[in-house]
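Have a look at the structure below, then the notes.
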Amino acid sequence: MEPPRNPPPRVRWSGLSDCGRVRKNNEDSFLGLRFDAHEAHLLGKLGEASLEKADLAFAVSDGMGGAMAGEFASRITVEKITRLMPPAFKQAATGLDAGCTDVLTELFAQVHRALTSLGESYEECAGMGVTLSLCWFTPGRMYFGHIGDSRIYLLPAAGGLKQISEDDTYVGWLFRNGKLNEREARTHPRKNVLQKALGAGHQFVDPQVGAVAYESGDVFVLCTDGVIDGLFDSQLADCVRAPEPADAALNPAQRLVKAALERSGRDNTTAVVIEVL
């Protein structure tokens, strides 16, 4: 007699993007995608789904380039992800981490080439680029790719918070090496000077890629630097896990964006929260 199989994981997500209190246009974008080997479907801002027959991907990107170029760059990035993820489904089904991380590395390279080509071909697109943080959920594992200063966090079921992505800034390097504390890093004058991005005149692409196992009760947060500008890590964790009574009726992404806008609002502000059920 076969032992009973564990039910396939389910996840619940929420996403929100806001222009902020200062900027006139929103250069951030976020994406939710459900896909198998044949097709991909865009997800709404709120939802819940099983990973039994299809994988899920979520991403945030922060465009740059002035005028409307940053906004355009974010849209191109979303379109590329939507087109490239279905062929990756079969790769994930083999269960080989190396294959999945190779897929993500190639995806980042293709986005980079597309943005670079447009930037070189059209004057209004010169300098166009994006940050990109992407989470790809398969049964039992989350594969991620990251470049720039948007962030991916894991809030384990057991408590605490871990930043999975590494900020591609000199200030981020100083913080990771213990030369700055969190408050000093947040107020450093060069905190937003990127060392890596897709497009934006960068010659090489070297994204951070990897995989983490997850379990029921874990929560993942993707956010752009507008959220980080408003919230310390402990405040971000409280918004997700222990909201104020007045905000309890809001979904997690709404709570994060609202709290960040109240404390800063100087930049576009985007958050996606994925809860493993």
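For the structure tokens, the naming scheme is as follows: chains receive sequential letters (A, B, ...) according to their order of presentation, residues are indexed from 1 within each chain, and ligands are indexed from 1 in presentation order.
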Residues within 10 Å of Phe89 in chain A, please, as a list in words. Count only C-alpha atoms; anything in the same chain fewer than 3 positions from it doesn't count.
Phe35, Asp36, Ala37, His38, Glu39, Ala54, Asp55, Leu56, Leu84, Met85, Pro86, Ala92, Ala93, Thr94, Cys100, Val103 and Thr138 of chain A
Please report, as CSV, each residue of range 206-267 of chain A lying at most 12 Å from range 2-23 of chain A, together with the nearest pair of atoms and the separation in Å rounded to one decimal; use only C-alpha atoms, and order rows by chain and ascending residue number.
```
residue,atom,partner,partner_atom,distance
A:Tyr214,CA,A:Pro9,CA,9.8
A:Glu215,CA,A:Pro9,CA,8.5
A:Ser216,CA,A:Pro9,CA,7.9
A:Gly217,CA,A:Val11,CA,9.8
A:Asp218,CA,A:Val11,CA,9.8
A:Val219,CA,A:Val11,CA,9.3
A:Phe220,CA,A:Trp13,CA,9.4
A:Val221,CA,A:Trp13,CA,9.7
A:Leu222,CA,A:Gly15,CA,9.2
A:Cys223,CA,A:Ser17,CA,9.4
A:Thr224,CA,A:Ser17,CA,9.4
A:Asp225,CA,A:Gly20,CA,11.7
A:Gly226,CA,A:Gly20,CA,8.1
A:Val227,CA,A:Ser17,CA,10.0
A:Asp229,CA,A:Gly20,CA,11.4
A:Gly230,CA,A:Gly20,CA,11.0
A:Val240,CA,A:Ser14,CA,11.3
A:Leu250,CA,A:Ser14,CA,10.2
A:Asn251,CA,A:Ser14,CA,6.7
A:Pro252,CA,A:Ser14,CA,6.6
A:Ala253,CA,A:Gly15,CA,5.2
A:Gln254,CA,A:Leu16,CA,6.3
A:Arg255,CA,A:Leu16,CA,9.6
A:Leu256,CA,A:Leu16,CA,9.0
A:Val257,CA,A:Leu16,CA,7.2
A:Lys258,CA,A:Asp18,CA,9.2
A:Ala259,CA,A:Gly20,CA,11.7
A:Ala260,CA,A:Gly20,CA,9.3
A:Leu261,CA,A:Gly20,CA,6.5
A:Glu262,CA,A:Arg21,CA,9.5
A:Arg263,CA,A:Arg21,CA,10.8
A:Ser264,CA,A:Arg21,CA,8.2
A:Gly265,CA,A:Gly20,CA,4.7
A:Arg266,CA,A:Val22,CA,5.3
A:Asp267,CA,A:Gly20,CA,5.5
```
Would you write out those residues with N, CA and C atoms, as a compact mmCIF listing (two decimals), in the first residue's frame?
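That gives us result_7.txt:
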```
# COMPACT_ATOMS: atom_id res chain seq x y z
N TYR A 214 11.00 25.79 1.10
CA TYR A 214 10.02 26.51 1.92
C TYR A 214 9.05 25.51 2.53
N GLU A 215 8.30 25.98 3.52
CA GLU A 215 7.31 25.15 4.18
C GLU A 215 6.08 25.98 4.51
N SER A 216 5.03 25.31 4.90
CA SER A 216 3.79 26.00 5.24
C SER A 216 4.04 27.05 6.33
N GLY A 217 3.50 28.23 6.13
CA GLY A 217 3.68 29.31 7.09
C GLY A 217 4.77 30.29 6.72
N ASP A 218 5.64 29.92 5.78
CA ASP A 218 6.66 30.86 5.31
C ASP A 218 6.01 31.97 4.48
N VAL A 219 6.63 33.14 4.51
CA VAL A 219 6.15 34.28 3.72
C VAL A 219 7.35 34.89 2.99
N PHE A 220 7.15 35.20 1.71
CA PHE A 220 8.17 35.88 0.92
C PHE A 220 7.67 37.27 0.56
N VAL A 221 8.57 38.24 0.60
CA VAL A 221 8.24 39.62 0.24
C VAL A 221 9.21 40.09 -0.84
N LEU A 222 8.67 40.61 -1.93
CA LEU A 222 9.45 41.30 -2.95
C LEU A 222 9.07 42.77 -2.89
N CYS A 223 10.05 43.66 -2.93
CA CYS A 223 9.71 45.09 -2.86
C CYS A 223 10.78 45.92 -3.53
N THR A 224 10.37 47.07 -4.02
CA THR A 224 11.31 48.03 -4.59
C THR A 224 11.85 48.94 -3.49
N ASP A 225 12.82 49.79 -3.85
CA ASP A 225 13.49 50.58 -2.82
C ASP A 225 12.60 51.64 -2.20
N GLY A 226 11.43 51.91 -2.79
CA GLY A 226 10.50 52.83 -2.15
C GLY A 226 9.98 52.30 -0.84
N VAL A 227 9.77 50.98 -0.76
CA VAL A 227 9.36 50.36 0.51
C VAL A 227 10.50 50.42 1.51
N ASP A 229 12.95 52.49 1.66
CA ASP A 229 13.20 53.85 2.10
C ASP A 229 12.31 54.23 3.27
N GLY A 230 11.12 53.61 3.34
CA GLY A 230 10.19 53.97 4.41
C GLY A 230 10.25 53.07 5.63
N VAL A 240 3.79 42.64 8.05
CA VAL A 240 3.35 41.37 7.49
C VAL A 240 2.76 40.47 8.57
N LEU A 250 -6.50 45.21 5.86
CA LEU A 250 -5.79 45.37 4.59
C LEU A 250 -5.01 44.10 4.28
N ASN A 251 -4.79 43.83 2.99
CA ASN A 251 -3.94 42.69 2.66
C ASN A 251 -2.47 43.07 2.90
N PRO A 252 -1.57 42.08 2.98
CA PRO A 252 -0.18 42.38 3.34
C PRO A 252 0.51 43.40 2.44
N ALA A 253 0.30 43.32 1.13
CA ALA A 253 0.94 44.29 0.23
C ALA A 253 0.41 45.70 0.50
N GLN A 254 -0.88 45.83 0.73
CA GLN A 254 -1.45 47.14 1.05
C GLN A 254 -0.84 47.70 2.34
N ARG A 255 -0.67 46.84 3.33
CA ARG A 255 -0.10 47.30 4.60
C ARG A 255 1.32 47.81 4.41
N LEU A 256 2.12 47.08 3.63
CA LEU A 256 3.51 47.50 3.41
C LEU A 256 3.58 48.84 2.68
N VAL A 257 2.83 48.96 1.60
CA VAL A 257 2.87 50.19 0.81
C VAL A 257 2.34 51.36 1.63
N LYS A 258 1.26 51.18 2.34
CA LYS A 258 0.69 52.24 3.17
C LYS A 258 1.69 52.72 4.22
N ALA A 259 2.32 51.76 4.91
CA ALA A 259 3.29 52.12 5.95
C ALA A 259 4.50 52.84 5.37
N ALA A 260 4.99 52.38 4.21
CA ALA A 260 6.15 53.01 3.58
C ALA A 260 5.82 54.43 3.13
N LEU A 261 4.63 54.63 2.57
CA LEU A 261 4.23 55.97 2.12
C LEU A 261 4.08 56.92 3.31
N GLU A 262 3.57 56.42 4.41
CA GLU A 262 3.40 57.28 5.60
C GLU A 262 4.75 57.73 6.15
N ARG A 263 5.77 56.89 6.02
CA ARG A 263 7.08 57.21 6.60
C ARG A 263 8.02 57.87 5.60
N SER A 264 7.74 57.74 4.29
CA SER A 264 8.62 58.35 3.29
C SER A 264 7.80 58.83 2.10
N GLY A 265 7.59 57.96 1.11
CA GLY A 265 6.82 58.34 -0.07
C GLY A 265 7.59 59.12 -1.10
N ARG A 266 8.92 59.15 -0.97
CA ARG A 266 9.73 59.94 -1.92
C ARG A 266 9.94 59.23 -3.25
N ASP A 267 9.64 57.94 -3.29
CA ASP A 267 9.90 57.16 -4.50
C ASP A 267 8.67 56.31 -4.82
```
Can you write out as JSON lines which residues of range 18-82 of chain A fall within 8 Å of range 111-116 of chain A, alongside each residue's closest atom pair and its distance in Å to one decimal, counting only C-alpha atoms and ordering rows by chain and ascending residue number?
```
{"residue": "A:Ala73", "atom": "CA", "partner": "A:Leu115", "partner_atom": "CA", "distance": 6.8}
{"residue": "A:Ile76", "atom": "CA", "partner": "A:Val111", "partner_atom": "CA", "distance": 7.8}
{"residue": "A:Thr77", "atom": "CA", "partner": "A:Val111", "partner_atom": "CA", "distance": 6.0}
{"residue": "A:Lys80", "atom": "CA", "partner": "A:Val111", "partner_atom": "CA", "distance": 6.6}
```
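Our summary of the geometry notes that CA of Ile81 in chain A is positioned 13.2 Å from CA of His146 in chain A.
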Quick one: everything within 10 Å of Cys125 in chain A, counting only C-alpha atoms, minus sequence neighbours fewer than 2 positions away in the same chain. Send it as an MDAnalysis selection string.
chainID A and resid 64:70 72:73 115:123 127:129 200
Would you mind writing down, as JSON, numbers by chain, each residue of range 43-277 of chain A that DSSP on the backbone assigns to helix (DSSP H, G or I)?
{"A": [69, 70, 71, 72, 73, 74, 75, 76, 77, 78, 79, 80, 81, 82, 83, 84, 86, 87, 88, 89, 90, 91, 92, 93, 97, 98, 99, 100, 101, 102, 103, 104, 105, 106, 107, 108, 109, 110, 111, 112, 113, 114, 115, 116, 117, 118, 119, 120, 121, 123, 124, 125, 170, 171, 172, 173, 174, 175, 176, 182, 183, 184, 185, 186, 187, 225, 226, 227, 228, 229, 230, 233, 234, 235, 236, 237, 238, 239, 240, 241, 245, 246, 247, 252, 253, 254, 255, 256, 257, 258, 259, 260, 261, 262, 263]}
Residues of range 44-238 of chain A in strand (DSSP E), written as an MDAnalysis selection string:
chainID A and resid 46:50 55:64 129:138 141:147 151:155 162:163 198:199 208:213 219:223
